[in-house]
file coords-v8.cif (mmCIF, C-alpha atoms)
data_query
loop_
_atom_site.label_atom_id
_atom_site.label_comp_id
_atom_site.auth_asym_id
_atom_site.auth_seq_id
_atom_site.Cartn_x
_atom_site.Cartn_y
_atom_site.Cartn_z
CA MET A 52 144.07 101.77 105.28
CA ARG A 53 141.55 101.24 102.50
CA TRP A 54 140.40 104.81 102.89
CA ALA A 55 143.93 106.05 102.49
CA ALA A 56 144.41 103.89 99.44
CA ILE A 57 141.23 105.14 97.82
CA VAL A 58 142.12 108.73 98.61
CA TRP A 59 145.44 108.07 96.91
CA LEU A 60 143.67 106.43 93.98
CA SER A 61 141.27 109.35 93.62
CA ALA A 62 144.13 111.82 93.77
CA VAL A 63 146.15 110.01 91.15
CA LEU A 64 143.26 109.46 88.77
CA GLY A 65 141.76 112.83 89.41
CA ALA A 66 145.00 114.62 88.78
CA SER A 67 145.83 112.71 85.67
CA ALA A 68 142.25 112.58 84.40
CA ALA A 69 141.84 110.38 81.38
CA ALA A 70 144.94 111.64 79.71
CA ALA A 71 147.67 109.77 81.52
CA ALA A 72 147.51 106.02 82.10
CA LEU A 73 148.85 104.52 85.30
CA ASN A 74 152.08 102.62 85.10
CA SER A 75 152.02 98.95 86.07
CA SER A 76 152.95 99.33 89.71
CA GLN A 77 150.53 102.22 90.16
CA ARG A 78 147.80 100.15 88.58
CA VAL A 79 148.44 97.16 90.84
CA ARG A 80 148.22 99.47 93.82
CA ALA A 81 145.08 101.06 92.42
CA PHE A 82 143.39 97.69 91.99
CA ALA A 83 144.26 96.72 95.55
CA ALA A 84 142.53 99.83 96.84
CA LEU A 85 139.22 99.02 95.20
CA PRO A 86 136.35 97.17 96.88
CA ASP A 87 135.63 93.58 95.95
CA TRP A 88 132.28 93.31 94.16
CA THR A 89 133.03 90.06 92.38
CA GLY A 90 130.22 87.63 91.75
CA LEU A 91 126.78 87.81 90.20
CA TRP A 92 124.14 90.10 91.65
CA GLN A 93 120.37 89.97 91.41
CA THR A 94 117.55 92.36 92.23
CA GLU A 95 114.60 91.51 94.43
CA ALA A 96 112.57 91.17 91.22
CA ALA A 97 115.03 88.67 89.77
CA ARG A 98 114.77 86.59 92.93
CA ALA A 99 110.98 86.73 92.97
CA PHE A 100 110.64 85.78 89.31
CA ASN A 101 113.21 82.99 89.41
CA SER A 102 110.97 79.99 88.75
CA LEU A 103 110.42 77.40 86.05
CA SER A 104 107.77 79.60 84.45
CA GLY A 105 109.79 82.78 84.85
CA LYS A 106 106.89 84.25 86.81
CA ALA A 107 106.54 85.28 90.42
CA ALA A 108 104.11 83.78 92.87
CA GLY A 109 100.64 85.28 92.74
CA ASN A 110 99.39 88.04 90.50
CA GLU A 111 101.95 89.09 87.93
CA TYR A 112 101.19 92.80 87.92
CA GLU A 113 101.09 93.01 91.69
CA ALA A 114 104.44 91.25 91.85
CA ILE A 115 106.03 93.72 89.45
CA ASN A 116 104.62 96.63 91.38
CA ARG A 117 105.91 95.07 94.58
CA TYR A 118 109.44 94.35 93.41
CA VAL A 119 110.23 96.93 90.71
CA GLN A 120 110.38 100.32 92.36
CA LEU A 121 110.74 102.27 89.13
CA VAL A 122 107.19 101.38 88.08
CA GLY A 123 105.96 103.11 91.22
CA PRO A 124 104.67 106.64 91.76
CA ALA A 125 107.04 109.31 90.53
CA PRO A 126 106.81 112.93 91.74
CA TYR A 127 105.46 114.38 88.53
CA THR A 128 104.48 117.96 88.09
CA GLU A 129 100.79 118.50 87.46
CA ALA A 130 101.39 119.41 83.82
CA TRP A 131 103.62 116.40 83.10
CA GLY A 132 101.23 114.10 84.93
CA LYS A 133 98.23 115.30 82.94
CA LYS A 134 100.05 114.84 79.66
CA LEU A 135 101.27 111.40 80.65
CA ARG A 136 97.82 110.34 81.76
CA ALA A 137 96.36 111.47 78.46
CA ASP A 138 99.07 109.64 76.53
CA LEU A 139 98.46 106.44 78.48
CA ALA A 140 94.71 106.59 77.97
CA THR A 141 94.89 106.22 74.21
CA PRO A 142 93.95 102.89 72.60
CA ALA A 143 97.38 102.77 71.02
CA ALA A 144 99.01 102.99 74.43
CA ALA A 145 96.82 100.22 75.81
CA ALA A 146 97.58 98.00 72.85
CA GLY A 147 101.26 98.79 73.10
CA ALA A 148 101.28 97.79 76.75
CA SER A 149 99.73 94.40 76.17
CA ASN A 150 101.79 93.68 73.07
CA ALA A 151 105.12 95.00 74.20
CA LYS A 152 108.13 92.74 74.22
CA LEU A 153 111.54 93.55 75.59
CA CYS A 154 114.91 92.00 74.85
CA THR A 155 116.90 94.87 76.36
CA TYR A 156 115.94 97.48 78.94
CA GLY A 157 118.18 100.51 79.09
CA PHE A 158 118.93 102.70 82.10
CA PRO A 159 117.62 103.20 84.74
CA ILE A 160 115.15 100.29 84.71
CA ILE A 161 117.92 97.78 83.98
CA MET A 162 119.13 98.38 87.55
CA ASP A 163 115.75 97.36 88.97
CA VAL A 164 114.42 94.46 86.91
CA PHE A 165 115.14 90.84 86.16
CA GLN A 166 118.60 90.70 84.65
CA LEU A 167 121.52 89.47 86.72
CA PHE A 168 124.73 91.44 86.47
CA GLN A 169 128.41 91.26 87.19
CA ALA A 170 130.23 94.30 88.56
CA VAL A 171 133.71 94.67 87.11
CA VAL A 172 135.64 97.20 89.15
CA THR A 173 138.85 98.62 87.69
CA PRO A 174 140.78 101.78 88.46
CA GLU A 175 139.65 103.43 85.25
CA GLU A 176 136.00 102.37 85.14
CA THR A 177 133.39 100.17 86.74
CA LEU A 178 131.29 98.08 84.40
CA PHE A 179 127.91 96.58 85.14
CA VAL A 180 127.65 93.67 82.72
CA PHE A 181 124.12 92.28 82.43
CA ASP A 182 123.11 88.80 81.31
CA ASP A 183 121.12 90.22 78.39
CA GLY A 184 124.29 91.73 76.97
CA GLU A 185 123.73 95.29 78.11
CA VAL A 186 126.68 97.05 79.73
CA ARG A 187 126.98 100.21 81.79
CA HIS A 188 130.37 101.92 81.57
CA ILE A 189 131.01 104.16 84.57
CA TYR A 190 134.28 105.99 84.04
CA THR A 191 136.21 106.69 87.23
CA ASP A 192 139.41 108.08 85.75
CA GLY A 193 138.59 111.64 86.60
CA ARG A 194 136.93 112.60 83.36
CA ARG A 195 133.83 114.71 83.05
CA HIS A 196 130.86 114.06 80.80
CA PRO A 197 131.63 114.76 77.14
CA ALA A 198 131.14 118.25 75.80
CA LYS A 199 127.72 119.05 74.39
CA ASP A 200 128.72 118.40 70.79
CA ASP A 201 130.23 115.05 71.74
CA LEU A 202 127.24 113.84 73.70
CA TRP A 203 123.91 112.51 72.46
CA PRO A 204 121.07 110.58 74.11
CA THR A 205 121.45 106.83 74.46
CA ALA A 206 119.56 104.07 76.26
CA MET A 207 122.23 103.85 78.97
CA GLY A 208 123.12 107.54 79.12
CA ASP A 209 126.64 108.72 79.91
CA SER A 210 128.05 107.82 83.32
CA VAL A 211 131.07 109.07 85.20
CA GLY A 212 131.93 108.25 88.78
CA HIS A 213 134.32 108.52 91.67
CA TRP A 214 134.93 106.69 94.89
CA GLN A 215 134.07 107.93 98.35
CA GLY A 216 135.59 105.24 100.50
CA ASP A 217 134.01 102.00 99.34
CA THR A 218 131.01 103.79 97.80
CA LEU A 219 130.89 104.44 94.08
CA ILE A 220 129.24 107.77 93.30
CA VAL A 221 127.79 107.70 89.79
CA ASP A 222 126.54 110.65 87.76
CA THR A 223 124.51 109.88 84.64
CA VAL A 224 123.10 112.20 82.00
CA ALA A 225 121.96 111.98 78.37
CA ARG A 226 119.51 109.14 78.78
CA THR A 227 117.11 108.99 75.84
CA ALA A 228 113.88 110.73 76.82
CA GLY A 229 110.74 108.67 77.13
CA SER A 230 109.31 105.59 78.75
CA LEU A 231 111.23 103.50 81.26
CA GLY A 232 110.15 100.44 79.27
CA ILE A 233 108.16 98.80 82.02
CA GLY A 234 105.40 100.63 83.83
CA PRO A 235 103.84 104.01 83.14
CA ASN A 236 106.73 106.31 83.95
CA THR A 237 108.54 108.53 81.51
CA LEU A 238 111.44 110.94 81.87
CA SER A 239 112.46 114.02 79.96
CA ALA A 240 115.78 114.56 78.23
CA GLN A 241 116.83 116.63 81.25
CA ALA A 242 116.75 113.66 83.62
CA HIS A 243 119.87 113.51 85.79
CA PHE A 244 120.76 110.49 87.87
CA THR A 245 122.98 110.19 90.92
CA GLU A 246 123.74 106.80 92.43
CA ARG A 247 125.61 105.73 95.54
CA VAL A 248 126.53 102.09 95.09
CA ARG A 249 128.12 100.16 97.93
CA ARG A 250 128.45 96.65 99.22
CA LEU A 251 126.69 96.24 102.54
CA ASP A 252 128.23 92.89 103.40
CA LYS A 253 129.44 89.77 101.64
CA ASN A 254 126.11 89.02 99.96
CA ASP A 255 124.36 92.38 99.74
CA LEU A 256 124.85 95.34 97.43
CA GLU A 257 122.86 98.58 97.42
CA ASP A 258 122.19 101.35 94.92
CA GLN A 259 120.81 104.58 96.36
CA MET A 260 119.47 106.25 93.24
CA THR A 261 118.26 109.82 92.98
CA ILE A 262 116.51 110.95 89.80
CA GLU A 263 116.20 114.65 89.18
CA ASP A 264 114.08 115.82 86.27
CA PRO A 265 113.49 119.57 86.27
CA THR A 266 110.97 119.21 83.47
CA ALA A 267 108.89 116.30 84.77
CA PHE A 268 109.35 116.23 88.56
CA THR A 269 108.45 118.51 91.40
CA HIS A 270 111.38 117.21 93.44
CA PRO A 271 114.03 114.48 93.26
CA TRP A 272 112.83 110.88 93.25
CA LYS A 273 114.86 108.78 95.68
CA LEU A 274 115.03 105.00 95.52
CA THR A 275 117.11 102.36 97.25
CA ILE A 276 117.58 99.22 95.17
CA HIS A 277 118.85 96.15 96.94
CA TYR A 278 120.81 93.32 95.35
CA THR A 279 121.78 89.96 96.70
CA ARG A 280 124.54 87.68 95.54
CA ALA A 281 123.34 84.88 93.25
CA ALA A 282 125.27 82.34 95.27
CA ASP A 283 123.89 79.41 93.31
CA LEU A 284 125.67 80.47 90.12
CA ASP A 285 129.36 80.33 89.33
CA ARG A 286 129.08 81.95 85.90
CA MET A 287 126.94 84.31 83.88
CA LEU A 288 124.08 82.58 82.10
CA PRO A 289 123.35 84.57 78.94
CA TRP A 290 119.82 85.67 78.19
CA ASP A 291 118.83 86.60 74.65
CA CYS A 292 115.89 86.55 72.27
CA ALA A 293 117.32 84.09 69.77
CA ASN A 294 114.23 81.86 69.86
CA ASP A 295 111.39 84.36 70.09
CA ARG A 296 108.23 82.32 69.52
CA ASN A 297 105.85 85.05 70.59
CA PRO A 298 104.91 87.04 67.48
CA VAL A 299 102.22 89.70 67.65
CA VAL A 300 99.31 88.44 65.55
CA ASN A 301 96.16 90.50 65.06
CA GLY A 302 97.33 92.84 67.74
CA LYS A 303 98.00 90.18 70.35
CA ILE A 304 101.02 88.25 71.49
CA SER A 305 100.66 84.66 70.36
CA VAL A 306 102.58 81.40 70.34
CA ALA A 307 104.30 80.30 67.14
CA PRO A 308 105.26 76.72 66.35
CA PRO A 309 108.91 75.79 66.79
CA MET B 15 102.35 116.31 93.32
CA TRP B 16 100.69 114.15 90.71
CA ARG B 17 100.86 110.42 91.09
CA LEU B 18 99.95 107.97 88.38
CA VAL B 19 99.55 105.07 90.68
CA SER B 20 96.04 106.07 91.62
CA SER B 21 94.88 106.08 88.01
CA GLY B 22 94.91 102.35 87.50
CA LEU B 23 97.03 102.92 84.44
CA ALA B 24 100.09 101.99 86.39
CA LEU B 25 98.98 98.41 86.42
CA LEU B 26 97.83 98.51 82.83
CA LEU B 27 101.15 99.67 81.56
CA VAL B 28 103.16 97.17 83.51
CA ALA B 29 103.39 94.87 80.58
CA GLN B 30 106.51 92.77 80.55
CA SER B 31 107.25 90.36 83.29
CA GLY B 32 109.42 87.74 84.81
CA ALA B 33 111.20 86.08 82.04
CA ALA B 34 111.08 89.63 80.81
CA HIS B 35 110.19 89.57 77.17
CA HIS B 36 106.39 89.75 77.31
CA SER B 37 103.31 90.01 79.48
CA GLY B 38 101.63 86.96 80.93
CA ALA B 39 98.22 88.40 80.05
CA MET B 40 97.88 85.95 77.17
CA PHE B 41 97.64 83.12 79.69
CA ASP B 42 94.55 82.52 81.80
CA SER B 43 96.08 82.37 85.26
CA GLN B 44 92.69 81.47 86.74
CA LYS B 45 92.65 78.19 84.86
CA SER B 46 94.93 75.21 85.28
CA LEU B 47 95.03 72.28 82.90
CA THR B 48 96.84 68.99 83.42
CA LEU B 49 97.94 67.12 80.32
CA GLN B 50 99.53 63.72 79.88
CA GLY B 51 101.59 63.36 76.76
CA THR B 52 104.77 62.47 74.99
CA VAL B 53 107.61 64.92 74.60
CA LYS B 54 108.21 65.70 70.94
CA LEU B 55 110.77 68.45 71.48
CA PHE B 56 112.37 70.29 74.37
CA GLN B 57 113.87 73.64 73.42
CA TRP B 58 116.57 74.87 75.78
CA THR B 59 116.48 78.44 74.50
CA ASN B 60 115.93 82.08 75.35
CA PRO B 61 113.93 84.15 75.96
CA HIS B 62 111.93 81.03 76.85
CA CYS B 63 112.39 77.29 77.01
CA TRP B 64 109.59 75.31 75.35
CA ILE B 65 108.12 71.85 75.63
CA GLN B 66 106.35 70.46 72.58
CA LEU B 67 103.99 67.83 73.97
CA LEU B 68 101.94 65.38 71.91
CA VAL B 69 98.64 64.96 73.70
CA GLN B 70 95.87 62.48 72.87
CA ALA B 71 93.31 63.61 75.41
CA PRO B 72 91.29 65.69 75.64
CA ALA B 73 90.37 65.14 72.00
CA PRO B 74 91.27 66.10 69.42
CA ALA B 75 94.87 65.00 69.65
CA ALA B 76 97.15 67.98 69.44
CA GLU B 77 100.68 69.20 69.80
CA TRP B 78 100.86 71.62 72.70
CA SER B 79 103.44 74.40 72.97
CA ILE B 80 104.28 74.94 76.61
CA GLU B 81 106.17 78.10 77.48
CA MET B 82 108.64 78.09 80.35
CA GLY B 83 111.09 80.60 81.81
CA SER B 84 114.56 81.33 80.50
CA THR B 85 117.44 78.87 80.49
CA GLY B 86 118.72 80.70 83.55
CA ASN B 87 115.40 80.25 85.35
CA LEU B 88 115.35 76.55 84.56
CA TYR B 89 119.01 76.00 85.40
CA ARG B 90 118.60 77.69 88.77
CA ASN B 91 115.59 75.48 89.51
CA GLY B 92 117.28 72.21 88.81
CA TRP B 93 116.58 71.65 85.14
CA ARG B 94 119.15 70.96 82.45
CA SER B 95 118.91 70.69 78.69
CA SER B 96 118.89 66.92 79.21
CA THR B 97 115.99 66.93 81.67
CA LEU B 98 113.51 66.02 78.94
CA THR B 99 114.12 63.87 75.90
CA ALA B 100 111.93 63.16 72.89
CA GLY B 101 109.67 60.19 73.43
CA GLU B 102 109.49 60.65 77.19
CA LYS B 103 106.04 60.46 78.75
CA ILE B 104 105.31 63.25 81.22
CA THR B 105 102.42 65.03 82.87
CA VAL B 106 102.37 68.82 82.69
CA THR B 107 100.16 71.32 84.48
CA LEU B 108 99.80 74.68 82.78
CA HIS B 109 97.81 77.86 82.45
CA PRO B 110 96.21 77.69 78.98
CA VAL B 111 96.27 80.62 76.57
CA ARG B 112 93.05 82.58 76.38
CA ASP B 113 92.47 82.15 72.66
CA GLY B 114 91.94 78.41 72.85
CA THR B 115 94.98 77.33 70.88
CA ALA B 116 97.03 74.39 72.13
CA ALA B 117 99.50 76.39 74.19
CA GLY B 118 100.06 77.39 77.77
CA GLN B 119 102.33 78.61 80.50
CA PHE B 120 104.19 75.94 82.45
CA ILE B 121 103.35 75.41 86.11
CA SER B 122 104.80 72.00 86.97
CA ALA B 123 105.68 68.62 85.50
CA THR B 124 106.08 65.07 86.67
CA ALA B 125 107.88 62.15 85.10
CA ALA B 126 106.18 58.86 84.25
CA ASP B 127 107.16 57.46 87.65
CA GLY B 128 105.42 60.36 89.35
CA SER B 129 108.54 62.16 90.46
CA SER B 130 108.57 65.93 90.17
CA LEU B 131 110.74 67.52 87.50
CA GLY B 132 112.47 70.43 89.18
CA ARG B 133 110.78 72.80 91.55
CA PRO B 134 107.24 73.79 90.56
CA SER B 135 106.66 77.38 89.50
CA ARG B 136 104.89 79.97 91.58
CA THR B 137 106.72 78.99 94.70
CA ALA B 138 107.86 81.56 97.20
CA PRO B 139 111.03 83.45 96.31
CA PRO B 140 114.23 81.71 97.43
#

call {"tool": "encode", "arguments": {"input": "coords-v8.cif", "output": "structure tokens"}}
result
Amino acid sequence: MRWAAIVWLSAVLGASAAAAALNSSQRVRAFAALPDWTGLWQTEAARAFNSLSGKAAGNEYEAINRYVQLVGPAPYTEAWGKKLRADLATPAAAAGASNAKLCTYGFPIIMDVFQLFQAVVTPEETLFVFDDGEVRHIYTDGRRHPAKDDLWPTAMGDSVGHWQGDTLIVDTVARTAGSLGIGPNTLSAQAHFTERVRRLDKNDLEDQMTIEDPTAFTHPWKLTIHYTRAADLDRMLPWDCANDRNPVVNGKISVAPP
Amino acid sequence: MWRLVSSGLALLLVAQSGAAHHSGAMFDSQKSLTLQGTVKLFQWTNPHCWIQLLVQAPAPAAEWSIEMGSTGNLYRNGWRSSTLTAGEKITVTLHPVRDGTAAGQFISATAADGSSLGRPSRTAPP
């Protein structure tokens, strides 16, 4: 039944593309066909680092490498790997790593780090709304990516999607080239992302992510990111940098008075 | 295929952590310090909550800045903005900063009656 409804939804939206809005009764029917992803979702990293100090048990770096897959080994070409290694070996890179501070993350690392998110599923788009204020818009109204002149690189890239049963297939391009923000990995401007997002059961969500980068990679990089429901929360708790007391002084992060 | 993980740089460049925001490298995680003091200020803020603790010993007397996780981290571990009030006497265990200033990373705290305030940090994931 749900399959039939989603096939109908895909047909309606696909045929009309973004041009024609659904009428009210069509929209009610379209909503009813969509999977229920309500609630707040957290990565394995968010669970591990949920403590009074905001740190995980044990060694910090080992914990990040254990829980954040996107800091792991990427299938770089020899040329890209050599260049990246040289870039990372500079004193400036080392200093930047120890002094770096993040208040937002960008895609794709936002899907794999510490921020909780809410999935808002509508017939026209699915939104991933993160507690740091970042939002992914994944348009499912049948549109394609914008034309070349209407598209430029952004931290989140441009995402369109469609439903295959209860699985959301997401296609993302135009992510700003460069570092993932955490860890050593970088991507070129040609990076292309495909995700298959589905709810496994009441409390588990999964994102099967494939990153293709014809410039940097020898072959696609496949990851499966697992989320669990944050059952202890009944609302989004915002996270911001309004009281940043960690200025960089003499090249090191320090503690400022209140 | 070329993999960075074997270079050691993978660990080096993993800078930010848990409460996101910044690395914990500034704190000496091999050292723990327990301080008794009086709460001057409790900041229920992001990216970190902070305890300002007036400490008499060890000398000299100093105001310590104790960094905690985010409001979300604290809330999910049983703390509220009202958990600490100015003038309250508490005992805090922390990892001190490496540069010797009066600051550190929160590990745990107990009230004057010895009861634990929330769940201590560095526990196993829920």

call {"tool": "resolve_selection", "arguments": {"input": "coords-v8.cif", "expression": "the PyMOL selection byres ((chain A) within 7 of (chain B))", "output": "compact mmCIF listing (two decimals) with C-alpha atoms, keeping the file's coordinate frame"}}
result
# COMPACT_ATOMS: atom_id res chain seq x y z
CA ARG A 98 114.77 86.59 92.93
CA ALA A 99 110.98 86.73 92.97
CA PHE A 100 110.64 85.78 89.31
CA ASN A 101 113.21 82.99 89.41
CA SER A 102 110.97 79.99 88.75
CA LEU A 103 110.42 77.40 86.05
CA SER A 104 107.77 79.60 84.45
CA GLY A 105 109.79 82.78 84.85
CA LYS A 106 106.89 84.25 86.81
CA ALA A 107 106.54 85.28 90.42
CA ALA A 108 104.11 83.78 92.87
CA GLY A 109 100.64 85.28 92.74
CA TYR A 112 101.19 92.80 87.92
CA GLY A 123 105.96 103.11 91.22
CA PRO A 124 104.67 106.64 91.76
CA ALA A 125 107.04 109.31 90.53
CA PRO A 126 106.81 112.93 91.74
CA TYR A 127 105.46 114.38 88.53
CA THR A 128 104.48 117.96 88.09
CA GLU A 129 100.79 118.50 87.46
CA GLY A 132 101.23 114.10 84.93
CA ALA A 148 101.28 97.79 76.75
CA SER A 149 99.73 94.40 76.17
CA ALA A 151 105.12 95.00 74.20
CA LYS A 152 108.13 92.74 74.22
CA LEU A 153 111.54 93.55 75.59
CA CYS A 154 114.91 92.00 74.85
CA PHE A 165 115.14 90.84 86.16
CA ILE A 233 108.16 98.80 82.02
CA GLY A 234 105.40 100.63 83.83
CA PRO A 235 103.84 104.01 83.14
CA THR A 269 108.45 118.51 91.40
CA LEU A 288 124.08 82.58 82.10
CA TRP A 290 119.82 85.67 78.19
CA ASP A 291 118.83 86.60 74.65
CA CYS A 292 115.89 86.55 72.27
CA ALA A 293 117.32 84.09 69.77
CA ASN A 294 114.23 81.86 69.86
CA ASP A 295 111.39 84.36 70.09
CA ILE A 304 101.02 88.25 71.49

call {"tool": "resolve_selection", "arguments": {"input": "coords-v8.cif", "expression": "the PyMOL selection byres ((chain B and resi 68) around 9)", "output": "count of residues only"}}
result
13

call {"tool": "residues_around", "arguments": {"input": "coords-v8.cif", "residues": "region 173-189 of chain A", "least_positions_apart": "6", "cutoff": "7 Å", "atoms": "all atoms listed in the file", "output": "PyMOL selection string"}}
result
chain A and resi 81-82+155+166-167+207+210-212+287-291

call {"tool": "closest_residue", "arguments": {"input": "coords-v8.cif", "among": "A:Phe268, A:Thr279, A:Asp285, A:Val306", "to": "Ala130 (chain A)", "atoms": "all atoms listed in the file"}}
result
A:Phe268

call {"tool": "atom_distance", "arguments": {"input": "coords-v8.cif", "atom1": "CA of Ser230 (chain A)", "atom2": "CA of Val164 (chain A)"}}
result
14.7 Å

call {"tool": "atom_distance", "arguments": {"input": "coords-v8.cif", "atom1": "CA of Phe244 (chain A)", "atom2": "CA of Ala140 (chain A)"}}
result
28.1 Å

call {"tool": "closest_residue", "arguments": {"input": "coords-v8.cif", "among": "A:Gly302, A:Pro265, A:Gly232, A:Pro159", "to": "Glu246 (chain A)", "atoms": "all atoms listed in the file"}}
result
A:Pro159

call {"tool": "atom_distance", "arguments": {"input": "coords-v8.cif", "atom1": "CA of Asp42 (chain B)", "atom2": "CA of Thr107 (chain B)"}}
result
12.8 Å

call {"tool": "residues_around", "arguments": {"input": "coords-v8.cif", "residues": "Ala126 (chain B)", "least_positions_apart": "3", "cutoff": "9 Å", "atoms": "only C-alpha atoms", "output": "VMD selection string"}}
result
chain B and resid 102 to 105 129

call {"tool": "resolve_selection", "arguments": {"input": "coords-v8.cif", "expression": "the PyMOL selection byres ((chain A and resi 261) around 6)", "output": "list in words"}}
result
Phe244, Thr245, Met260, Ile262, Trp272 and Lys273 of chain A
